[in-house]
>>> print(open('start.txt').read())   # compact mmCIF, C-alpha atoms
# COMPACT_ATOMS: atom_id res chain seq x y z
CA MET A 1 -91.58 78.78 66.28
CA GLN A 2 -91.31 74.97 66.35
CA CYS A 3 -87.76 73.80 67.02
CA SER A 4 -85.82 70.93 68.51
CA GLN A 5 -85.77 70.62 72.28
CA ILE A 6 -82.60 71.66 74.08
CA VAL A 7 -81.00 68.97 76.25
CA ARG A 8 -79.13 70.59 79.14
CA SER A 9 -75.88 68.66 78.86
CA SER A 10 -72.88 69.77 80.91
CA THR A 11 -70.25 68.33 78.54
CA VAL A 12 -71.78 68.36 75.03
CA ALA A 13 -72.47 71.68 73.30
CA ASN A 14 -75.60 72.44 71.32
CA LEU A 15 -77.33 69.15 72.19
CA ARG A 16 -80.91 68.98 70.95
CA ASP A 17 -83.68 66.42 70.39
CA LEU A 18 -85.54 66.74 67.08
CA GLY A 19 -88.49 65.13 68.86
CA GLY A 20 -91.59 67.27 69.17
CA ILE A 21 -91.12 69.26 65.98
CA ALA A 22 -94.48 69.63 64.25
CA LEU A 23 -95.22 67.75 61.05
CA PRO A 24 -98.39 67.65 58.95
CA GLY A 25 -100.70 65.42 60.95
CA GLY A 26 -98.21 64.69 63.72
CA ARG A 27 -94.75 65.43 65.11
CA VAL A 28 -91.25 63.99 65.26
CA ARG A 29 -90.99 61.17 67.80
CA GLN A 30 -88.98 62.08 70.88
CA GLY A 31 -85.82 60.37 72.06
CA LEU A 32 -84.60 58.93 68.75
CA ALA A 33 -82.88 61.67 66.73
CA PHE A 34 -80.40 63.97 68.45
CA ARG A 35 -78.05 66.61 67.04
CA SER A 36 -75.09 68.32 68.69
CA GLY A 37 -71.62 69.78 68.49
CA GLY A 38 -68.55 67.61 69.06
CA LEU A 39 -68.34 64.88 71.68
CA ASP A 40 -64.69 65.40 72.56
CA ARG A 41 -65.61 66.63 76.06
CA LEU A 42 -68.29 64.05 76.81
CA ASP A 43 -68.06 62.69 80.35
CA LEU A 44 -70.96 60.44 81.31
CA THR A 45 -69.90 60.34 84.95
CA CYS A 46 -70.77 64.01 85.40
CA ASP A 47 -73.37 64.35 82.64
CA PRO A 48 -76.47 62.39 83.69
CA ALA A 49 -78.61 64.27 81.15
CA PHE A 50 -76.60 62.83 78.27
CA ALA A 51 -76.35 59.38 79.84
CA ALA A 52 -80.14 59.25 80.14
CA LEU A 53 -80.54 59.60 76.37
CA GLY A 54 -79.29 56.04 75.80
CA VAL A 55 -77.52 56.92 72.55
CA ARG A 56 -76.78 53.74 70.58
CA THR A 57 -75.30 55.20 67.38
CA VAL A 58 -73.10 58.27 66.89
CA VAL A 59 -72.70 59.63 63.35
CA ASP A 60 -69.59 61.81 63.16
CA LEU A 61 -69.80 64.16 60.16
CA ARG A 62 -66.38 65.77 60.72
CA THR A 63 -63.17 65.63 58.70
CA GLU A 64 -60.23 63.39 59.52
CA ARG A 65 -58.29 66.43 60.76
CA GLU A 66 -61.11 67.36 63.14
CA ARG A 67 -61.48 63.79 64.40
CA THR A 68 -57.74 63.50 65.04
CA ALA A 69 -57.53 66.82 66.86
CA ARG A 70 -60.59 66.21 69.01
CA PRO A 71 -61.64 62.52 69.03
CA ASP A 72 -65.18 61.66 70.01
CA ARG A 73 -65.82 60.18 73.41
CA VAL A 74 -68.47 57.64 72.49
CA PRO A 75 -70.81 56.22 75.15
CA GLY A 76 -70.04 52.64 76.10
CA GLY A 77 -71.83 50.19 73.84
CA ALA A 78 -72.62 52.82 71.21
CA HIS A 79 -71.64 52.31 67.57
CA LEU A 80 -69.57 55.06 65.92
CA LEU A 81 -70.15 55.78 62.23
CA VAL A 82 -67.57 58.01 60.53
CA ALA A 83 -69.36 59.92 57.79
CA ASP A 84 -66.94 62.57 56.55
CA VAL A 85 -69.11 65.00 54.62
CA MET A 86 -66.13 67.00 53.42
CA ALA A 87 -63.75 64.20 52.42
CA ASP A 88 -64.13 65.13 48.75
CA PRO A 89 -61.73 68.07 48.29
CA ALA A 90 -63.16 68.89 44.88
CA GLY A 91 -66.48 69.83 46.45
CA THR A 92 -65.53 71.36 49.78
CA GLY A 93 -62.26 73.26 49.48
CA THR A 94 -63.67 76.62 50.54
CA ALA A 95 -64.26 75.57 54.14
CA ALA A 96 -60.71 74.30 54.51
CA ARG A 97 -59.33 77.58 53.14
CA LEU A 98 -61.58 79.59 55.43
CA ALA A 99 -60.60 77.53 58.49
CA LEU A 100 -56.92 78.12 57.82
CA ALA A 101 -57.43 81.81 57.13
CA PHE A 102 -59.45 82.28 60.31
CA ALA A 103 -56.32 81.45 62.34
CA ASP A 104 -54.64 84.45 60.70
CA PRO A 105 -56.90 87.52 60.91
CA ALA A 106 -54.87 89.54 58.42
CA LEU A 107 -55.05 86.72 55.87
CA ALA A 108 -58.75 86.23 56.57
CA ASN A 109 -59.40 89.91 55.92
CA ARG A 110 -57.50 89.83 52.63
CA GLU A 111 -59.24 86.73 51.32
CA PHE A 112 -62.74 86.86 52.79
CA ARG A 113 -63.87 90.44 53.38
CA GLY A 114 -66.67 91.99 51.41
CA GLY A 115 -69.09 89.09 51.58
CA ARG A 116 -66.59 86.50 50.34
CA ALA A 117 -66.76 84.50 53.58
CA ALA A 118 -70.54 84.16 53.32
CA ARG A 119 -70.23 83.15 49.67
CA ALA A 120 -67.66 80.52 50.65
CA LEU A 121 -70.02 79.07 53.25
CA ALA A 122 -72.89 79.02 50.74
CA ALA A 123 -70.63 77.15 48.30
CA ASP A 124 -69.97 74.54 50.96
CA TYR A 125 -73.68 74.11 51.61
CA ARG A 126 -74.15 73.38 47.92
CA SER A 127 -71.37 70.81 48.19
CA PHE A 128 -73.17 69.19 51.14
CA VAL A 129 -75.75 68.22 48.51
CA THR A 130 -73.60 67.48 45.47
CA ALA A 131 -70.20 66.15 46.61
CA GLU A 132 -69.85 62.37 46.51
CA SER A 133 -68.47 62.20 50.05
CA ALA A 134 -71.40 64.26 51.32
CA ARG A 135 -73.96 62.08 49.59
CA GLN A 136 -72.37 58.95 51.06
CA SER A 137 -72.34 60.55 54.50
CA TYR A 138 -75.96 61.65 54.50
CA ARG A 139 -76.98 58.25 53.15
CA GLN A 140 -75.28 56.74 56.21
CA LEU A 141 -77.11 59.16 58.49
CA LEU A 142 -80.55 58.47 57.02
CA THR A 143 -79.96 54.73 57.02
CA ALA A 144 -78.94 54.81 60.69
CA LEU A 145 -82.01 56.84 61.63
CA ALA A 146 -84.25 54.43 59.70
CA HIS A 147 -82.87 51.30 61.38
CA ARG A 148 -85.80 49.88 63.33
CA ASP A 149 -83.73 48.32 66.11
CA GLY A 150 -80.96 50.90 66.14
CA GLY A 151 -81.97 52.84 69.22
CA PRO A 152 -81.37 56.58 69.63
CA VAL A 153 -79.02 58.17 67.06
CA LEU A 154 -76.91 61.29 67.59
CA PHE A 155 -75.31 63.07 64.65
CA HIS A 156 -72.84 65.90 64.96
CA CYS A 157 -70.02 67.94 63.43
CA THR A 158 -67.84 70.41 65.34
CA ALA A 159 -70.23 73.27 66.09
CA GLY A 160 -73.45 71.45 65.24
CA LYS A 161 -74.51 74.17 62.79
CA ASP A 162 -73.48 73.52 59.18
CA ARG A 163 -73.06 69.83 58.32
CA THR A 164 -75.33 68.92 61.21
CA GLY A 165 -77.77 71.67 60.28
CA TRP A 166 -78.17 70.41 56.74
CA GLY A 167 -78.54 66.86 58.06
CA ALA A 168 -81.37 67.95 60.35
CA ALA A 169 -83.01 69.91 57.52
CA LEU A 170 -82.81 66.90 55.22
CA VAL A 171 -84.42 64.64 57.82
CA LEU A 172 -87.23 67.10 58.47
CA LEU A 173 -87.90 67.66 54.77
CA LEU A 174 -88.17 63.91 54.19
CA LEU A 175 -90.58 63.66 57.13
CA GLY A 176 -92.79 66.28 55.46
CA ALA A 177 -92.00 69.36 57.57
CA ASP A 178 -92.97 72.66 55.96
CA ASP A 179 -90.47 75.31 54.89
CA ARG A 180 -91.00 77.53 57.93
CA THR A 181 -90.41 74.65 60.34
CA VAL A 182 -87.21 73.60 58.56
CA THR A 183 -85.87 77.15 58.50
CA ASP A 184 -86.78 77.81 62.13
CA GLU A 185 -84.95 74.66 63.21
CA TYR A 186 -81.88 75.63 61.20
CA LEU A 187 -81.77 79.15 62.67
CA SER A 188 -82.49 78.05 66.24
CA VAL A 189 -78.93 76.92 66.95
CA GLY A 190 -77.27 80.18 65.96
CA VAL A 191 -77.22 81.78 69.41
CA ALA A 192 -75.82 78.64 71.05
CA VAL A 193 -73.04 78.32 68.47
CA GLN A 194 -71.96 81.93 68.78
CA ALA A 195 -71.98 81.62 72.59
CA ALA A 196 -69.87 78.45 72.48
CA PHE A 197 -67.30 80.06 70.20
CA ALA A 198 -67.40 83.52 71.82
CA PRO A 199 -63.75 83.31 73.00
CA VAL A 200 -62.57 82.37 69.50
CA ILE A 201 -64.59 85.19 67.95
CA ALA A 202 -63.31 87.68 70.52
CA GLU A 203 -59.69 86.68 69.91
CA PHE A 204 -60.14 86.94 66.15
CA THR A 205 -61.71 90.39 66.23
CA ALA A 206 -59.29 91.68 68.89
CA ALA A 207 -56.44 90.77 66.53
CA GLY A 208 -58.04 92.83 63.78
CA GLY A 209 -60.27 90.23 62.15
CA ASP A 210 -63.37 91.60 60.46
CA PRO A 211 -66.51 90.85 62.55
CA GLU A 212 -68.37 90.23 59.27
CA ILE A 213 -66.12 87.21 58.65
CA ALA A 214 -66.71 85.85 62.16
CA ASP A 215 -70.44 86.22 61.70
CA ALA A 216 -70.29 84.41 58.36
CA VAL A 217 -68.39 81.50 59.92
CA PHE A 218 -70.30 81.14 63.19
CA GLY A 219 -73.70 82.50 62.26
CA ALA A 220 -76.70 80.54 61.02
CA HIS A 221 -77.96 82.40 57.96
CA PRO A 222 -81.01 81.54 55.86
CA ALA A 223 -78.98 82.03 52.66
CA TYR A 224 -76.82 79.02 53.54
CA LEU A 225 -79.78 76.70 53.92
CA GLU A 226 -81.30 78.12 50.75
CA ALA A 227 -78.07 77.36 48.86
CA ALA A 228 -78.36 73.69 49.79
CA ARG A 229 -82.04 73.52 48.94
CA GLN A 230 -81.41 75.21 45.59
CA ALA A 231 -78.72 72.61 44.83
CA VAL A 232 -81.29 69.88 45.49
CA GLU A 233 -83.78 71.57 43.18
CA ASP A 234 -81.20 72.19 40.44
CA GLY A 235 -79.88 68.65 40.46
CA TRP A 236 -82.88 66.49 41.35
CA GLY A 237 -86.01 68.62 41.40
CA ASP A 238 -87.17 67.83 44.93
CA VAL A 239 -85.96 66.25 48.14
CA GLU A 240 -87.71 62.91 47.49
CA SER A 241 -85.92 62.51 44.17
CA TYR A 242 -82.67 63.62 45.76
CA ALA A 243 -82.95 60.97 48.47
CA ARG A 244 -83.65 58.23 45.95
CA ALA A 245 -81.42 59.18 43.01
CA GLY A 246 -78.80 61.35 44.72
CA LEU A 247 -78.32 59.40 47.93
CA GLY A 248 -79.42 55.97 46.77
CA ILE A 249 -82.01 55.61 49.55
CA LYS A 250 -84.51 52.84 48.85
CA ASP A 251 -88.25 53.39 49.20
CA GLU A 252 -88.28 50.80 51.98
CA THR A 253 -85.69 52.77 53.94
CA LEU A 254 -87.65 56.00 53.51
CA GLY A 255 -90.73 54.19 54.76
CA HIS A 256 -88.87 52.94 57.82
CA LEU A 257 -87.51 56.44 58.47
CA ARG A 258 -90.99 57.94 58.50
CA GLU A 259 -92.50 55.11 60.47
CA ARG A 260 -89.79 55.25 63.11
CA LEU A 261 -89.48 59.03 63.53
CA THR A 262 -93.09 60.22 63.32
CA VAL A 263 -95.96 59.96 65.72
>>> encode(input="start.txt", output="structure tokens")
Amino acid sequence: MQCSQIVRSSTVANLRDLGGIALPGGRVRQGLAFRSGGLDRLDLTCDPAFAALGVRTVVDLRTERERTARPDRVPGGAHLLVADVMADPAGTGTAARLALAFADPALANREFRGGRAARALAADYRSFVTAESARQSYRQLLTALAHRDGGPVLFHCTAGKDRTGWGAALVLLLLGADDRTVTDEYLSVGVAVQAAFAPVIAEFTAAGGDPEIADAVFGAHPAYLEAARQAVEDGWGDVESYARAGLGIKDETLGHLRERLTV
């Protein structure tokens, strides 16, 4: 299995370097594209592993509510890009409903048992592809990663699984990674996410919440990634066409992305 390399940070959860992932004829260049959970606990004074990365750009994929509740701690000198994937309520309402319901186990059970939570997550993955706010956000991410003089880029959401997971998949697909590599990378973060949110999951289930719902929310499931990829195929045919027509990425930018991130 070829996956991103774990960075042992003491204050940032689920921090990984996409560098080293195998591509046809090469691999992803190390030290330029990082993914993680939120940066609200970042403390460079006691986290030399993170400080050593030299992150120059942070792309925050979270909602305004998430950013307000837990603001990023951005490294000094780094540029923060707010790229709210879920700002378009028409495309991403299911996640908001699920987040609210998760705080009330009885409500969550009524609304999301019987596979409905997993279907809600799959719907959001489709919206990561189709919603206008999502397309703007992933255009920002790809443009930042393609910037020749931009230095290392870190992109994140809250857990580093869903919005971040699709972002990583999109980058790898555009770099030419095969399906197995993309899927392995997506699934590789599942254990770390469930460990990070173990207290939340335990509280939810202890209060009567259905474990199936917790697994749907905090698990990395192939069906979610497939939902996003199917939305690309349905709307644009393939990822190249999606990047150009759906995201408005110029051929020059795609060229810079591949030149910068592959070796």
>>> residues_around(input="start.txt", residues="Gly151 of chain A", least_positions_apart="3", cutoff="7 Å", atoms="all atoms listed in the file", output="PDB file with C-alpha atoms, in the frame of the given file")
ATOM      1  CA  LEU A  32     -84.600  58.930  68.750  1.00  0.00           C
ATOM      2  CA  VAL A  55     -77.520  56.920  72.550  1.00  0.00           C
ATOM      3  CA  ARG A  56     -76.780  53.740  70.580  1.00  0.00           C
TER       4      ARG A  56
END
>>> closest_residue(input="start.txt", among="A:Phe128, A:Phe102, A:Tyr138, A:Phe218", to="Gly160 of chain A", atoms="all atoms listed in the file")
A:Phe218
>>> atom_distance(input="start.txt", atom1="atom CA of Phe50 of chain A", atom2="atom CA of Ser10 of chain A")
8.3 Å
>>> residues_near_point(input="start.txt", point="(-91.8, 59.8, 64.7)", cutoff="9 Å", atoms="all atoms listed in the file", output="list in words")
Gly19, Gly20, Gly26, Arg27, Val28, Arg29, Gln30, Leu32, Leu175, Leu257, Arg258, Glu259, Arg260, Leu261, Thr262 and Val263 of chain A
>>> atom_distance(input="start.txt", atom1="atom CA of Gly54 of chain A", atom2="atom CA of Thr253 of chain A")
23.0 Å
>>> build_atoms(input="start.txt", residues="segment 160-183 of chain A", atoms="N, CA and C atoms", output="tab-separated table (two decimals), in the frame of the given file")
chain	number	residue	atom	x	y	z
A	160	GLY	N	-72.06	71.88	65.28
A	160	GLY	CA	-73.45	71.45	65.24
A	160	GLY	C	-74.34	72.39	64.46
A	161	LYS	N	-73.74	73.16	63.54
A	161	LYS	CA	-74.51	74.17	62.79
A	161	LYS	C	-74.62	73.87	61.30
A	162	ASP	N	-73.49	73.59	60.64
A	162	ASP	CA	-73.48	73.52	59.18
A	162	ASP	C	-73.77	72.11	58.66
A	163	ARG	N	-72.83	71.21	58.78
A	163	ARG	CA	-73.06	69.83	58.32
A	163	ARG	C	-74.20	69.19	59.08
A	164	THR	N	-74.24	69.44	60.39
A	164	THR	CA	-75.33	68.92	61.21
A	164	THR	C	-76.64	69.62	60.86
A	165	GLY	N	-76.56	70.92	60.61
A	165	GLY	CA	-77.77	71.67	60.28
A	165	GLY	C	-78.41	71.20	59.00
A	166	TRP	N	-77.60	70.93	57.97
A	166	TRP	CA	-78.17	70.41	56.74
A	166	TRP	C	-78.70	68.99	56.96
A	167	GLY	N	-78.03	68.20	57.77
A	167	GLY	CA	-78.54	66.86	58.06
A	167	GLY	C	-79.91	66.91	58.71
A	168	ALA	N	-80.08	67.81	59.69
A	168	ALA	CA	-81.37	67.95	60.35
A	168	ALA	C	-82.43	68.44	59.37
A	169	ALA	N	-82.06	69.40	58.52
A	169	ALA	CA	-83.01	69.91	57.52
A	169	ALA	C	-83.45	68.81	56.57
A	170	LEU	N	-82.50	67.99	56.15
A	170	LEU	CA	-82.81	66.90	55.22
A	170	LEU	C	-83.78	65.90	55.86
A	171	VAL	N	-83.52	65.55	57.11
A	171	VAL	CA	-84.42	64.64	57.82
A	171	VAL	C	-85.82	65.22	57.90
A	172	LEU	N	-85.92	66.48	58.31
A	172	LEU	CA	-87.23	67.10	58.47
A	172	LEU	C	-87.97	67.22	57.14
A	173	LEU	N	-87.25	67.58	56.08
A	173	LEU	CA	-87.90	67.66	54.77
A	173	LEU	C	-88.45	66.31	54.34
A	174	LEU	N	-87.71	65.25	54.58
A	174	LEU	CA	-88.17	63.91	54.19
A	174	LEU	C	-89.33	63.44	55.06
A	175	LEU	N	-89.44	64.00	56.27
A	175	LEU	CA	-90.58	63.66	57.13
A	175	LEU	C	-91.81	64.51	56.81
A	176	GLY	N	-91.65	65.47	55.90
A	176	GLY	CA	-92.79	66.28	55.46
A	176	GLY	C	-92.94	67.62	56.14
A	177	ALA	N	-91.92	68.06	56.91
A	177	ALA	CA	-92.00	69.36	57.57
A	177	ALA	C	-92.11	70.49	56.55
A	178	ASP	N	-92.84	71.55	56.90
A	178	ASP	CA	-92.97	72.66	55.96
A	178	ASP	C	-91.73	73.56	56.01
A	179	ASP	N	-91.65	74.48	55.04
A	179	ASP	CA	-90.47	75.31	54.89
A	179	ASP	C	-90.17	76.14	56.13
A	180	ARG	N	-91.20	76.70	56.74
A	180	ARG	CA	-91.00	77.53	57.93
A	180	ARG	C	-90.41	76.71	59.07
A	181	THR	N	-90.90	75.50	59.26
A	181	THR	CA	-90.41	74.65	60.34
A	181	THR	C	-88.94	74.30	60.12
A	182	VAL	N	-88.59	73.96	58.88
A	182	VAL	CA	-87.21	73.60	58.56
A	182	VAL	C	-86.28	74.79	58.78
A	183	THR	N	-86.69	75.96	58.34
A	183	THR	CA	-85.87	77.15	58.50
A	183	THR	C	-85.73	77.54	59.97
